[in-house]
file entry_16.cif (mmCIF, C-alpha atoms and all ligand atoms)
data_start
loop_
_atom_site.label_atom_id
_atom_site.label_comp_id
_atom_site.auth_asym_id
_atom_site.auth_seq_id
_atom_site.Cartn_x
_atom_site.Cartn_y
_atom_site.Cartn_z
CA MET A 1 110.24 115.45 111.76
CA ASN A 2 111.68 114.96 115.21
CA GLU A 3 113.84 112.02 116.22
CA GLN A 4 110.95 109.96 117.56
CA GLN A 5 108.97 110.45 114.36
CA ILE A 6 111.97 109.38 112.28
CA ARG A 7 112.40 106.30 114.47
CA GLN A 8 108.77 105.34 113.85
CA ALA A 9 108.99 106.05 110.13
CA LEU A 10 111.97 103.71 109.79
CA ARG A 11 109.94 100.67 110.87
CA LEU A 12 109.37 99.40 107.32
CA TYR A 13 111.39 101.37 104.79
CA LEU A 14 110.96 100.47 101.11
CA VAL A 15 113.93 101.34 98.90
CA MET A 16 113.48 101.05 95.14
CA GLY A 17 113.63 102.32 91.59
CA SER A 18 112.41 100.97 88.27
CA PRO A 19 115.27 98.41 87.87
CA ASN A 20 114.03 96.63 91.01
CA CYS A 21 110.49 96.14 89.73
CA GLY A 22 111.09 93.44 87.10
CA GLY A 23 109.11 95.25 84.44
CA ALA A 24 106.19 96.11 86.73
CA ASP A 25 105.19 99.77 86.99
CA PRO A 26 107.06 101.25 90.00
CA VAL A 27 104.04 103.46 90.72
CA ARG A 28 101.84 100.36 91.08
CA VAL A 29 104.48 98.65 93.24
CA LEU A 30 104.69 101.66 95.54
CA GLU A 31 100.89 101.94 95.75
CA ALA A 32 100.67 98.29 96.76
CA ALA A 33 103.50 98.63 99.28
CA ILE A 34 101.80 101.65 100.85
CA ALA A 35 98.55 99.69 101.07
CA GLY A 36 100.55 96.94 102.79
CA GLY A 37 101.83 99.35 105.41
CA ILE A 38 105.30 100.66 104.54
CA THR A 39 106.26 103.63 106.67
CA MET A 40 109.00 105.32 104.61
CA PHE A 41 110.19 105.29 100.99
CA GLN A 42 113.50 105.88 99.23
CA PHE A 43 113.71 106.54 95.49
CA ARG A 44 116.89 104.74 94.41
CA GLU A 45 117.01 104.75 90.62
CA LYS A 46 120.22 102.79 90.17
CA GLY A 47 121.71 99.82 88.33
CA ALA A 48 121.26 98.31 84.89
CA GLY A 49 118.52 100.05 82.94
CA ALA A 50 118.09 102.87 85.45
CA LEU A 51 116.20 105.87 84.06
CA GLN A 52 118.17 109.03 83.43
CA GLY A 53 117.42 112.73 83.08
CA GLN A 54 113.84 113.75 82.41
CA ALA A 55 112.46 110.20 82.69
CA ARG A 56 114.06 109.79 86.10
CA LEU A 57 112.70 113.13 87.25
CA ALA A 58 109.21 112.28 85.94
CA LEU A 59 109.11 108.92 87.72
CA GLY A 60 110.47 110.50 90.89
CA ALA A 61 107.75 113.15 90.76
CA ARG A 62 105.00 110.50 90.49
CA LEU A 63 106.41 108.49 93.39
CA ARG A 64 106.92 111.66 95.40
CA ARG A 65 103.28 112.67 94.91
CA LEU A 66 102.06 109.23 95.95
CA CYS A 67 104.08 109.43 99.16
CA ALA A 68 102.79 112.92 99.91
CA GLN A 69 99.19 111.75 99.44
CA HIS A 70 99.72 109.03 102.04
CA GLY A 71 101.94 110.88 104.52
CA ILE A 72 104.92 108.64 103.77
CA PRO A 73 108.33 110.37 104.08
CA PHE A 74 110.01 110.47 100.64
CA ILE A 75 113.80 110.14 100.60
CA VAL A 76 116.13 110.38 97.57
CA ASP A 77 119.25 108.24 97.29
CA ASP A 78 122.55 110.09 96.75
CA ASP A 79 121.49 112.96 94.52
CA GLU A 80 121.14 116.34 96.24
CA ARG A 81 119.91 118.09 93.13
CA LEU A 82 117.21 115.52 92.50
CA ALA A 83 116.19 115.67 96.17
CA LEU A 84 115.69 119.42 95.83
CA GLU A 85 113.92 119.17 92.48
CA LEU A 86 111.48 116.64 93.94
CA ALA A 87 111.07 118.58 97.20
CA ALA A 88 112.01 115.38 99.00
CA ASP A 89 111.69 115.02 102.75
CA GLY A 90 115.24 113.75 102.89
CA ILE A 91 118.34 112.34 101.27
CA HIS A 92 120.31 109.16 101.90
CA ILE A 93 124.05 109.15 101.33
CA GLY A 94 126.68 106.42 101.38
CA GLN A 95 130.28 106.53 102.52
CA GLU A 96 131.35 107.06 98.89
CA ASP A 97 129.02 110.05 98.38
CA ALA A 98 129.45 113.68 99.45
CA PRO A 99 130.54 114.09 103.10
CA ALA A 100 127.56 113.95 105.45
CA ALA A 101 128.48 117.24 107.18
CA ALA A 102 128.47 119.10 103.86
CA VAL A 103 125.10 117.62 102.86
CA ARG A 104 123.69 118.44 106.30
CA GLU A 105 124.83 122.04 105.84
CA ARG A 106 123.52 122.38 102.29
CA LEU A 107 120.14 120.77 103.06
CA PRO A 108 119.37 121.91 106.61
CA GLN A 109 115.64 121.23 106.26
CA MET A 110 115.97 117.65 105.07
CA ILE A 111 116.23 114.33 106.83
CA VAL A 112 119.80 113.12 106.21
CA GLY A 113 120.37 109.37 106.31
CA VAL A 114 123.87 107.89 106.16
CA SER A 115 125.04 104.33 105.45
CA ALA A 116 127.42 103.14 108.18
CA HIS A 117 129.26 99.82 108.34
CA ASP A 118 130.95 99.92 111.73
CA PRO A 119 130.84 101.90 114.99
CA ALA A 120 133.49 104.38 113.75
CA GLU A 121 131.47 105.28 110.66
CA ALA A 122 128.35 105.48 112.82
CA SER A 123 130.01 107.90 115.27
CA ALA A 124 131.32 110.04 112.43
CA ALA A 125 127.88 110.19 110.82
CA MET A 126 126.34 111.16 114.16
CA ALA A 127 128.93 113.93 114.60
CA ALA A 128 128.22 115.13 111.06
CA GLY A 129 124.55 115.59 111.96
CA ALA A 130 122.97 112.50 110.41
CA ASP A 131 119.33 111.93 111.37
CA TYR A 132 119.43 108.18 110.93
CA LEU A 133 121.81 105.37 109.98
CA GLY A 134 121.42 102.56 107.47
CA VAL A 135 123.47 99.52 108.49
CA GLY A 136 124.22 96.63 106.19
CA PRO A 137 124.35 94.38 104.49
CA GLN A 138 122.62 92.39 107.19
CA TYR A 139 122.39 89.32 104.99
CA ALA A 140 123.49 88.34 101.48
CA THR A 141 121.85 90.50 98.83
CA ARG A 142 121.55 90.24 95.07
CA THR A 143 120.19 93.76 94.76
CA LYS A 144 123.34 95.83 95.34
CA LEU A 145 126.21 94.40 93.34
CA ASP A 146 128.90 96.45 95.10
CA ALA A 147 127.59 95.75 98.61
CA ARG A 148 130.21 95.22 101.28
CA GLU A 149 130.67 91.95 103.15
CA VAL A 150 127.73 90.72 105.19
CA ARG A 151 127.82 92.12 108.74
CA GLY A 152 124.79 90.48 110.27
CA PRO A 153 122.62 91.95 113.05
CA ALA A 154 125.67 91.66 115.37
CA MET A 155 127.04 94.89 113.87
CA ILE A 156 123.89 96.73 114.96
CA ALA A 157 124.31 95.34 118.47
CA ARG A 158 127.94 96.51 118.46
CA MET A 159 126.89 100.02 117.45
CA ARG A 160 124.29 100.15 120.22
CA GLU A 161 126.87 98.87 122.73
CA ALA A 162 129.23 101.60 121.51
CA GLY A 163 126.60 104.18 122.53
CA ILE A 164 125.12 104.96 119.12
CA ARG A 165 121.55 105.97 119.89
CA LEU A 166 120.56 107.44 116.54
CA PRO A 167 117.53 106.06 114.74
CA LEU A 168 118.89 103.07 112.84
CA VAL A 169 117.62 100.75 110.14
CA GLY A 170 119.12 97.46 108.94
CA ILE A 171 119.36 96.75 105.20
CA GLY A 172 120.40 93.92 102.90
CA GLY A 173 118.77 90.54 102.34
CA ILE A 174 116.04 91.20 104.88
CA ASP A 175 112.72 89.35 104.65
CA ALA A 176 109.85 88.39 106.93
CA GLY A 177 111.84 85.40 108.18
CA ASN A 178 114.91 87.26 109.41
CA CYS A 179 113.73 90.81 110.18
CA GLY A 180 113.00 89.94 113.81
CA ALA A 181 116.69 89.32 114.47
CA VAL A 182 117.55 92.76 113.06
CA ILE A 183 115.04 94.46 115.36
CA ARG A 184 116.18 92.44 118.39
CA ALA A 185 119.77 93.54 117.71
CA GLY A 186 118.66 97.14 118.27
CA ALA A 187 117.37 98.45 114.94
CA ASP A 188 114.32 100.70 114.83
CA GLY A 189 113.25 99.13 111.56
CA VAL A 190 114.23 97.35 108.39
CA ALA A 191 114.89 98.63 104.87
CA VAL A 192 114.07 96.25 102.04
CA VAL A 193 114.12 96.16 98.28
CA SER A 194 113.49 92.73 96.77
CA ALA A 195 111.40 91.30 99.62
CA ILE A 196 108.68 93.71 98.46
CA THR A 197 109.46 94.59 94.83
CA GLU A 198 109.98 90.97 93.71
CA ALA A 199 107.04 89.56 95.67
CA ARG A 200 104.06 88.32 93.70
CA SER A 201 101.97 90.60 95.90
CA PRO A 202 103.99 93.59 97.14
CA GLN A 203 101.03 94.52 99.33
CA GLU A 204 100.94 91.17 101.11
CA ALA A 205 104.74 91.10 101.36
CA ALA A 206 104.77 94.50 103.05
CA ALA A 207 101.98 93.51 105.42
CA ARG A 208 103.80 90.29 106.34
CA LEU A 209 107.05 92.15 106.96
CA LEU A 210 105.30 94.72 109.09
CA GLY A 211 103.72 91.99 111.18
CA ALA A 212 107.00 90.11 111.49
CA CYS A 213 109.16 93.02 112.58
CA LEU A 214 107.07 94.53 115.35
N1 LIG B 301 122.48 98.83 100.61
C1 LIG B 301 123.02 97.82 101.28
S1 LIG B 301 122.31 96.34 100.83
C2 LIG B 301 121.27 97.11 99.72
C3 LIG B 301 121.50 98.47 99.74
C4 LIG B 301 120.82 99.46 98.91
C5 LIG B 301 120.30 96.37 98.88
C6 LIG B 301 119.24 95.67 99.65
O1 LIG B 301 118.36 95.00 98.78
P1 LIG B 301 117.58 93.69 99.23
O2 LIG B 301 116.88 93.25 97.96
O3 LIG B 301 116.60 94.10 100.28
O4 LIG B 301 118.60 92.70 99.68
MG MG B 302 125.16 106.17 97.48
#
call {"tool": "encode", "arguments": {"input": "entry_16.cif", "output": "structure tokens"}}
result
Amino acid sequence: MNEQQIRQALRLYLVMGSPNCGGADPVRVLEAAIAGGITMFQFREKGAGALQGQARLALGARLRRLCAQHGIPFIVDDDERLALELAADGIHIGQEDAPAAAVRERLPQMIVGVSAHDPAEASAAMAAGADYLGVGPQYATRTKLDAREVRGPAMIARMREAGIRLPLVGIGGIDAGNCGAVIRAGADGVAVVSAITEARSPQEAAARLLGACL
């Protein structure tokens, strides 16, 4: 995918794993979210009750297949080996994970996304060859227990002012009511977990988000 295609794919980026689905089948949740219009997906099997080993691989394979059937880029959080096993389109790494330059070198064919919290981290990720940035938390989140302090959309504006032109997505506490502010600050899209996975209708929630963050 070229830069423009990545930018477009970031518009509504669903991030999730089974612990985010409150007992619902993650395959059903993803199907509904795709029907609602999500444009990219990240398999993030993390937190209390997260699947391990074979079960994690099996769920990842089902979600991967669903994405392939619908032309939705499939990204794996953190785990290079899992990304390769699932033939993912990309990998997303945080500041605490393997260095972005090393991942870029090991997985030259994949989209590499990097979490960045300030302009310095954003510049470093760009220099390391990142294809897109995830910037957060935009707002308070209950989904990631070790999330950093809330930065707000202002941090995205600061990165843009600092000359960071990479495709960029905001994450953390984003819903249909606040996603417009994230886009106006300079993001190409929004990444959400609970706004879709905890909605009574993930399909309607995705459609509403998509409409709200144009
Ligand atoms: N990284 C920063 S905040 C976050 C991640 C993975 C969780 C976002 O979840 P939610 O439910 O959309 O606030
Ligand atoms: Mg990580």
call {"tool": "closest_residue", "arguments": {"input": "entry_16.cif", "among": "A:Glu149, A:Glu161, A:Glu198, A:Glu45", "to": "Asp78 in chain A", "atoms": "only C-alpha atoms"}}
result
A:Glu45
call {"tool": "residues_near_ligand", "arguments": {"input": "entry_16.cif", "ligand": "ligand LIG 301 (chain B)", "cutoff": "9 Å", "atoms": "only C-alpha atoms and all ligand atoms", "output": "PyMOL selection string"}}
result
chain A and resi 14-16+20+44+94+115+134-148+150+170-175+191-198
call {"tool": "residues_near_ligand", "arguments": {"input": "entry_16.cif", "ligand": "ligand MG 302 (chain B)", "cutoff": "10 Å", "atoms": "all atoms listed in the file", "output": "ChimeraX atom specification"}}
result
/A:44,46,76-79,91-98,114-115
call {"tool": "atom_distance", "arguments": {"input": "entry_16.cif", "atom1": "CA of Leu166 in chain A", "atom2": "CA of Glu3 in chain A"}}
result
8.1 Å
call {"tool": "residues_around", "arguments": {"input": "entry_16.cif", "residues": "Tyr132 in chain A", "least_positions_apart": "4", "cutoff": "9 Å", "atoms": "only C-alpha atoms", "output": "short mmCIF file (atom, residue, chain, number, x, y, z; two decimals) with C-alpha atoms, in the coordinates of the input"}}
result
data_model
loop_
_atom_site.label_atom_id
_atom_site.label_comp_id
_atom_site.auth_asym_id
_atom_site.auth_seq_id
_atom_site.Cartn_x
_atom_site.Cartn_y
_atom_site.Cartn_z
CA GLU A 3 113.84 112.02 116.22
CA ILE A 6 111.97 109.38 112.28
CA ARG A 7 112.40 106.30 114.47
CA LEU A 10 111.97 103.71 109.79
CA ILE A 111 116.23 114.33 106.83
CA VAL A 112 119.80 113.12 106.21
CA GLY A 113 120.37 109.37 106.31
CA VAL A 114 123.87 107.89 106.16
CA SER A 115 125.04 104.33 105.45
CA ALA A 125 127.88 110.19 110.82
CA MET A 126 126.34 111.16 114.16
CA LEU A 166 120.56 107.44 116.54
CA PRO A 167 117.53 106.06 114.74
CA LEU A 168 118.89 103.07 112.84
CA VAL A 169 117.62 100.75 110.14
#
call {"tool": "closest_residue", "arguments": {"input": "entry_16.cif", "among": "A:Val29, A:Cys67, A:Ala154, A:Ala128", "to": "Ala102 in chain A", "atoms": "all atoms listed in the file"}}
result
A:Ala128
call {"tool": "closest_residue", "arguments": {"input": "entry_16.cif", "among": "A:Cys213, A:Leu59, A:Ala124, A:Ala176", "to": "Ala100 in chain A", "atoms": "all atoms listed in the file"}}
result
A:Ala124
call {"tool": "residues_near_point", "arguments": {"input": "entry_16.cif", "point": "(103.7, 109.9, 90.7)", "cutoff": "12 Å", "atoms": "only C-alpha atoms", "output": "PyMOL selection string"}}
result
chain A and resi 25-31+43+55-69+74+86
call {"tool": "write_last_selection", "arguments": {"input": "entry_16.cif", "atoms": "C-alpha atoms", "output": "PDB file, keeping the file's coordinate frame"}}
result
ATOM      1  CA  ASP A  25     105.190  99.770  86.990  1.00  0.00           C
ATOM      2  CA  PRO A  26     107.060 101.250  90.000  1.00  0.00           C
ATOM      3  CA  VAL A  27     104.040 103.460  90.720  1.00  0.00           C
ATOM      4  CA  ARG A  28     101.840 100.360  91.080  1.00  0.00           C
ATOM      5  CA  VAL A  29     104.480  98.650  93.240  1.00  0.00           C
ATOM      6  CA  LEU A  30     104.690 101.660  95.540  1.00  0.00           C
ATOM      7  CA  GLU A  31     100.890 101.940  95.750  1.00  0.00           C
ATOM      8  CA  PHE A  43     113.710 106.540  95.490  1.00  0.00           C
ATOM      9  CA  ALA A  55     112.460 110.200  82.690  1.00  0.00           C
ATOM     10  CA  ARG A  56     114.060 109.790  86.100  1.00  0.00           C
ATOM     11  CA  LEU A  57     112.700 113.130  87.250  1.00  0.00           C
ATOM     12  CA  ALA A  58     109.210 112.280  85.940  1.00  0.00           C
ATOM     13  CA  LEU A  59     109.110 108.920  87.720  1.00  0.00           C
ATOM     14  CA  GLY A  60     110.470 110.500  90.890  1.00  0.00           C
ATOM     15  CA  ALA A  61     107.750 113.150  90.760  1.00  0.00           C
ATOM     16  CA  ARG A  62     105.000 110.500  90.490  1.00  0.00           C
ATOM     17  CA  LEU A  63     106.410 108.490  93.390  1.00  0.00           C
ATOM     18  CA  ARG A  64     106.920 111.660  95.400  1.00  0.00           C
ATOM     19  CA  ARG A  65     103.280 112.670  94.910  1.00  0.00           C
ATOM     20  CA  LEU A  66     102.060 109.230  95.950  1.00  0.00           C
ATOM     21  CA  CYS A  67     104.080 109.430  99.160  1.00  0.00           C
ATOM     22  CA  ALA A  68     102.790 112.920  99.910  1.00  0.00           C
ATOM     23  CA  GLN A  69      99.190 111.750  99.440  1.00  0.00           C
ATOM     24  CA  PHE A  74     110.010 110.470 100.640  1.00  0.00           C
ATOM     25  CA  LEU A  86     111.480 116.640  93.940  1.00  0.00           C
TER      26      LEU A  86
END
call {"tool": "atom_distance", "arguments": {"input": "entry_16.cif", "atom1": "CA of Ser201 in chain A", "atom2": "CA of Ala35 in chain A"}}
result
11.0 Å
call {"tool": "residues_around", "arguments": {"input": "entry_16.cif", "residues": "Gln5 in chain A", "least_positions_apart": "6", "cutoff": "12 Å", "atoms": "all atoms listed in the file", "output": "list in words"}}
result
Arg11, Thr39, Met40, Ile72, Pro73, Ile111, Asp131, Tyr132, Pro167 and Asp188 of chain A
call {"tool": "axis_aligned_box", "arguments": {"input": "entry_16.cif", "around": "range 203-210 of chain A", "padding_each_side": "4 Å", "output": "JSON"}}
result
{"center_x": 104.0, "center_y": 92.5, "center_z": 104.2, "size_x": 14.1, "size_y": 12.4, "size_z": 17.8}
call {"tool": "atom_distance", "arguments": {"input": "entry_16.cif", "atom1": "CA of Gly71 in chain A", "atom2": "CA of Cys179 in chain A"}}
result
24.0 Å
call {"tool": "closest_residue", "arguments": {"input": "entry_16.cif", "among": "A:Ala32, A:Ala185, A:Ser18, A:Leu84", "to": "Gln52 in chain A", "atoms": "only C-alpha atoms"}}
result
A:Ser18
